[in-house]
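Student: Have a look at this one.
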Amino acid sequence: MILIKLGGSIITNKEKPLSARRKTIDNLTKSLKKIKEPIVIIHGGGSYGHYWSVKYDMHTKERKYDLRGVAIVKNSMIELNKIILDSFLKNRLNPYCLPPTDFMTRNKPITKKVKEVEKISKSGLIPVTFGDALWYGQNKTFILSGDKIMTHFAKILKPKLCIFALNEDGVYSDLKSKKLIHELKGERPSISENKMDVTGGMTRKIEEASKIAKMGMNVFFVNGNKPERIVKAVKNRKFEGTVFRGK
């Protein structure tokens, strides 16, 4: 089974609120058809969920956030998720919408429910879930990032490999020259933040990828604008991007 995260920066235009990159989504979907193994898809919020999260000052910490903001974030993520599901259907794939509330209780994954996700993927359906605003209890809510879902799923499902599709070629040792780091084994490079990404931008992705690699799984960072690189990573062909080697 392959676990794939479609980053918010690749499926939306982060500089323009509430704008999906529909052509890019379609190109990604077409490439996913070439993968002949069970896959699970997680997607970020980009200019949908993240835009509203910033506007209402919502974060991953459980707090009493503005309930209007909670409602709007959830609604925007459903809207973005529908765009992705429609692209799957248009390209003759069979997506299975899986809101995080189906497998989370507060901020903890429900192991039995997550294991069911693997069964769904092996049936021929493609589970598609996403980062979201979630109820915690005691009138508190929080933002569950798609990156965090990757770690939850990896820990329980032990996929063959994990892939993060980004709007960059991978992790750079230097942002100005864009010198690519091809392989990481526990190192943690410093990355500048995207001020709009309340879930931590590239830093959060590196943190979660490092956790997954420590569990023994390889994690690939690829450029989602060149979706054939996802297929190459899965098929173990010449890989272009950054790989976190599983220990």
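Naming works like this for the structure tokens: A, B, ... for the chains as they're shown, residue 1 at the start of each chain, ligands 1 onward in shown order.
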Run DSSP on the backbone and give me the residues of region 73-218 of chain A it puts in strand (DSSP E), as a ChimeraX atom specification.

Tutor: /A:95-97,104-105,108-109,126-130,132-137,140-144,161-166,171-174,179-181,183-184

Student: Write the residues of the preceding selection, restricted to N, CA and C atoms, as an mmCIF file, in the first residue's frame.

Tutor:
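Resulting contents of result_22.cif:
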```cif
data_model
loop_
_atom_site.group_PDB
_atom_site.id
_atom_site.type_symbol
_atom_site.label_atom_id
_atom_site.label_comp_id
_atom_site.auth_asym_id
_atom_site.auth_seq_id
_atom_site.Cartn_x
_atom_site.Cartn_y
_atom_site.Cartn_z
ATOM 1 N N PRO A 95 -12.849 7.135 -5.960
ATOM 2 C CA PRO A 95 -12.491 7.696 -4.654
ATOM 3 C C PRO A 95 -13.522 7.339 -3.590
ATOM 4 N N TYR A 96 -13.049 7.230 -2.369
ATOM 5 C CA TYR A 96 -13.922 6.954 -1.232
ATOM 6 C C TYR A 96 -13.680 8.049 -0.207
ATOM 7 N N CYS A 97 -14.585 9.007 -0.130
ATOM 8 C CA CYS A 97 -14.422 10.150 0.766
ATOM 9 C C CYS A 97 -14.363 9.688 2.219
ATOM 10 N N MET A 104 -10.793 9.508 13.778
ATOM 11 C CA MET A 104 -10.165 10.236 14.889
ATOM 12 C C MET A 104 -11.145 10.385 16.053
ATOM 13 N N THR A 105 -10.629 10.329 17.281
ATOM 14 C CA THR A 105 -11.393 10.699 18.460
ATOM 15 C C THR A 105 -10.554 11.725 19.211
ATOM 16 N N LYS A 108 -6.605 11.810 18.720
ATOM 17 C CA LYS A 108 -5.995 10.483 18.634
ATOM 18 C C LYS A 108 -6.656 9.658 17.526
ATOM 19 N N PRO A 109 -5.844 8.916 16.760
ATOM 20 C CA PRO A 109 -6.434 8.037 15.740
ATOM 21 C C PRO A 109 -7.055 6.802 16.391
ATOM 22 N N ILE A 126 -10.352 4.111 -3.523
ATOM 23 C CA ILE A 126 -9.214 4.921 -3.082
ATOM 24 C C ILE A 126 -9.667 5.843 -1.956
ATOM 25 N N PRO A 127 -9.315 5.527 -0.703
ATOM 26 C CA PRO A 127 -9.672 6.416 0.400
ATOM 27 C C PRO A 127 -9.040 7.798 0.201
ATOM 28 N N VAL A 128 -9.838 8.843 0.365
ATOM 29 C CA VAL A 128 -9.344 10.218 0.227
ATOM 30 C C VAL A 128 -9.750 10.997 1.472
ATOM 31 N N THR A 129 -8.764 11.390 2.270
ATOM 32 C CA THR A 129 -9.051 12.161 3.479
ATOM 33 C C THR A 129 -8.273 13.468 3.447
ATOM 34 N N PHE A 130 -8.388 14.293 4.482
ATOM 35 C CA PHE A 130 -7.849 15.651 4.407
ATOM 36 C C PHE A 130 -7.668 16.258 5.795
ATOM 37 N N ASP A 132 -8.268 19.075 8.620
ATOM 38 C CA ASP A 132 -9.587 19.649 8.924
ATOM 39 C C ASP A 132 -9.592 20.279 10.318
ATOM 40 N N ALA A 133 -10.640 21.038 10.598
ATOM 41 C CA ALA A 133 -10.901 21.532 11.955
ATOM 42 C C ALA A 133 -11.727 20.474 12.665
ATOM 43 N N LEU A 134 -11.274 20.043 13.846
ATOM 44 C CA LEU A 134 -11.952 18.954 14.552
ATOM 45 C C LEU A 134 -12.384 19.364 15.958
ATOM 46 N N TRP A 135 -13.464 18.763 16.394
ATOM 47 C CA TRP A 135 -13.979 18.937 17.753
ATOM 48 C C TRP A 135 -13.089 18.164 18.717
ATOM 49 N N TYR A 136 -12.714 18.796 19.824
ATOM 50 C CA TYR A 136 -11.869 18.135 20.824
ATOM 51 C C TYR A 136 -12.663 17.776 22.078
ATOM 52 N N GLY A 137 -13.630 18.592 22.419
ATOM 53 C CA GLY A 137 -14.392 18.410 23.654
ATOM 54 C C GLY A 137 -14.230 19.626 24.544
ATOM 55 N N LYS A 140 -13.674 22.929 22.971
ATOM 56 C CA LYS A 140 -12.400 23.188 22.307
ATOM 57 C C LYS A 140 -12.366 22.507 20.936
ATOM 58 N N THR A 141 -11.641 23.120 20.014
ATOM 59 C CA THR A 141 -11.433 22.543 18.683
ATOM 60 C C THR A 141 -9.949 22.685 18.348
ATOM 61 N N PHE A 142 -9.529 22.095 17.238
ATOM 62 C CA PHE A 142 -8.132 22.207 16.811
ATOM 63 C C PHE A 142 -8.036 21.896 15.325
ATOM 64 N N ILE A 143 -6.895 22.267 14.745
ATOM 65 C CA ILE A 143 -6.640 21.943 13.341
ATOM 66 C C ILE A 143 -5.808 20.662 13.280
ATOM 67 N N LEU A 144 -6.332 19.658 12.595
ATOM 68 C CA LEU A 144 -5.582 18.427 12.333
ATOM 69 C C LEU A 144 -4.981 18.569 10.938
ATOM 70 N N LEU A 161 5.602 2.660 1.122
ATOM 71 C CA LEU A 161 6.315 3.936 1.145
ATOM 72 C C LEU A 161 5.316 5.081 1.265
ATOM 73 N N CYS A 162 5.848 6.249 1.650
ATOM 74 C CA CYS A 162 5.031 7.449 1.818
ATOM 75 C C CYS A 162 5.556 8.538 0.884
ATOM 76 N N ILE A 163 4.645 9.257 0.255
ATOM 77 C CA ILE A 163 5.032 10.297 -0.705
ATOM 78 C C ILE A 163 4.334 11.611 -0.370
ATOM 79 N N PHE A 164 5.122 12.681 -0.288
ATOM 80 C CA PHE A 164 4.580 14.032 -0.144
ATOM 81 C C PHE A 164 4.749 14.736 -1.490
ATOM 82 N N ALA A 165 3.647 15.099 -2.145
ATOM 83 C CA ALA A 165 3.711 15.866 -3.391
ATOM 84 C C ALA A 165 3.683 17.351 -3.042
ATOM 85 N N LEU A 166 4.756 18.052 -3.397
ATOM 86 C CA LEU A 166 4.950 19.449 -3.018
ATOM 87 C C LEU A 166 4.934 20.362 -4.234
ATOM 88 N N VAL A 171 13.631 18.979 -0.688
ATOM 89 C CA VAL A 171 14.212 19.794 0.372
ATOM 90 C C VAL A 171 15.525 20.380 -0.137
ATOM 91 N N TYR A 172 15.692 21.675 0.049
ATOM 92 C CA TYR A 172 16.895 22.354 -0.421
ATOM 93 C C TYR A 172 17.872 22.614 0.728
ATOM 94 N N SER A 173 19.162 22.483 0.434
ATOM 95 C CA SER A 173 20.182 22.852 1.421
ATOM 96 C C SER A 173 20.361 24.361 1.435
ATOM 97 N N ASP A 174 20.000 24.994 0.315
ATOM 98 C CA ASP A 174 20.074 26.449 0.211
ATOM 99 C C ASP A 174 18.904 26.928 -0.637
ATOM 100 N N LYS A 179 19.632 24.327 -4.178
ATOM 101 C CA LYS A 179 20.436 23.107 -4.242
ATOM 102 C C LYS A 179 19.690 21.997 -3.517
ATOM 103 N N LEU A 180 19.366 20.958 -4.253
ATOM 104 C CA LEU A 180 18.517 19.884 -3.736
ATOM 105 C C LEU A 180 19.294 18.897 -2.874
ATOM 106 N N ILE A 181 18.684 18.529 -1.752
ATOM 107 C CA ILE A 181 19.210 17.432 -0.928
ATOM 108 C C ILE A 181 18.534 16.157 -1.424
ATOM 109 N N GLU A 183 19.097 12.931 -0.397
ATOM 110 C CA GLU A 183 18.821 11.893 0.596
ATOM 111 C C GLU A 183 19.112 12.401 2.000
ATOM 112 N N LEU A 184 18.237 12.035 2.925
ATOM 113 C CA LEU A 184 18.406 12.411 4.330
ATOM 114 C C LEU A 184 18.320 11.162 5.196
#
```

Student: Write out as a list in words which residues come within 7 Å of Phe153 (chain A) when counting only C-alpha atoms, dropping same-chain ones fewer than 4 positions away.

Tutor: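 Selected residues are Val114, Ile149 and Leu157 of chain A.
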
Student: Have a look at A:Asp86, A:Glu240, A:Glu208, A:Asp147 and name the one nearest to Asp26 (chain A); count only C-alpha atoms.

Tutor: A:Asp86

Student: What does the structure give for the distance between CA of Thr29 (chain A) and CA of Thr101 (chain A), in Å to one decimal?

Tutor: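 If I compute the distance from CA of Thr29 (chain A) to CA of Thr101 (chain A), I get 24.5 Å.
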
Student: Tell me, as an MDAnalysis selection string, which residues lie within 6 Å of region 42-51 of chain A, counting only C-alpha atoms; anything in the same chain fewer than 3 positions away does not count.

Tutor: chainID A and resid 5:9 12 14 17:18 54 73 76:77 128:131 146

Student: Using only C-alpha atoms, find the one residue out of A:Lys61, A:Lys211, A:Lys36, A:Lys23 that sits nearest to Ile10 (chain A).

Tutor: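 Looking only at the distances to Ile10 (chain A), the closest residue turns out to be A:Lys23.
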
Student: Please, which residues of region 6-228 of chain A, numbered as in this document, come out alpha helix (DSSP H) from DSSP, as a PyMOL selection string?

Tutor: chain A and resi 8-11+22-32+46-55+67-90+111-122+146-157+201-214+228

Student: Give me the residues within 10 Å of Lys34 (chain A) as a ChimeraX atom specification, counting only C-alpha atoms and dropping any in the same chain fewer than 5 places off.

Tutor: /A:29,228,230-231,234-235

Student: Print the selection's residues with C-alpha atoms to a file, as a tab-separated table (two decimals), in the first residue's frame.

Tutor:
```tsv
chain	number	residue	atom	x	y	z
A	29	THR	CA	-5.12	12.15	-10.87
A	228	GLU	CA	5.33	11.35	-13.25
A	230	ILE	CA	5.30	10.06	-8.08
A	231	VAL	CA	4.99	7.09	-10.41
A	234	VAL	CA	6.43	3.97	-6.60
A	235	LYS	CA	7.99	1.90	-9.39
```

Student: So that I can see what lies close to region 56-60 of chain A, please list as number ranges by chain the residues with an atom at most 7 Å from it, counting only C-alpha atoms and leaving out residues fewer than 3 positions away in the same chain.

Tutor: A: 52-53, 65-66, 69, 142-144, 198-199

Student: Keeping C-alpha atoms, export the residues of the selection given above as a compact mmCIF listing (two decimals), in the first residue's frame.

Tutor:
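After the write, result02.txt holds the following:
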```
# COMPACT_ATOMS: atom_id res chain seq x y z
CA TRP A 52 -9.67 30.59 6.86
CA SER A 53 -7.48 29.15 9.63
CA TYR A 65 -11.57 29.06 18.83
CA ASP A 66 -14.23 31.16 17.15
CA GLY A 69 -14.24 30.00 12.02
CA PHE A 142 -8.13 22.21 16.81
CA ILE A 143 -6.64 21.94 13.34
CA LEU A 144 -5.58 18.43 12.33
CA VAL A 198 -0.51 27.62 10.03
CA THR A 199 0.32 23.92 10.30
```

Student: Of the candidates A:Pro99, A:Val40, A:Ile110, A:Arg22, which one gets nearest to Ile83 (chain A) if we count only C-alpha atoms?

Tutor: A:Arg22

Student: Pick out the closest residue to Gly124 (chain A) from this set: A:Ser145, A:Lys33, A:Ser210, A:Ile156. Count only C-alpha atoms.

Tutor: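 Ranking A:Ser145, A:Lys33, A:Ser210, A:Ile156 by distance to Gly124 (chain A), first place goes to A:Lys33.
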
Student: Quick one: of A:Glu168, A:Asn139, A:Met150, A:Glu207, who's nearest to Leu67 (chain A), counting only C-alpha atoms?

Tutor: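 Going through A:Glu168, A:Asn139, A:Met150, A:Glu207 one by one, the smallest distance to Leu67 (chain A) is for A:Asn139.
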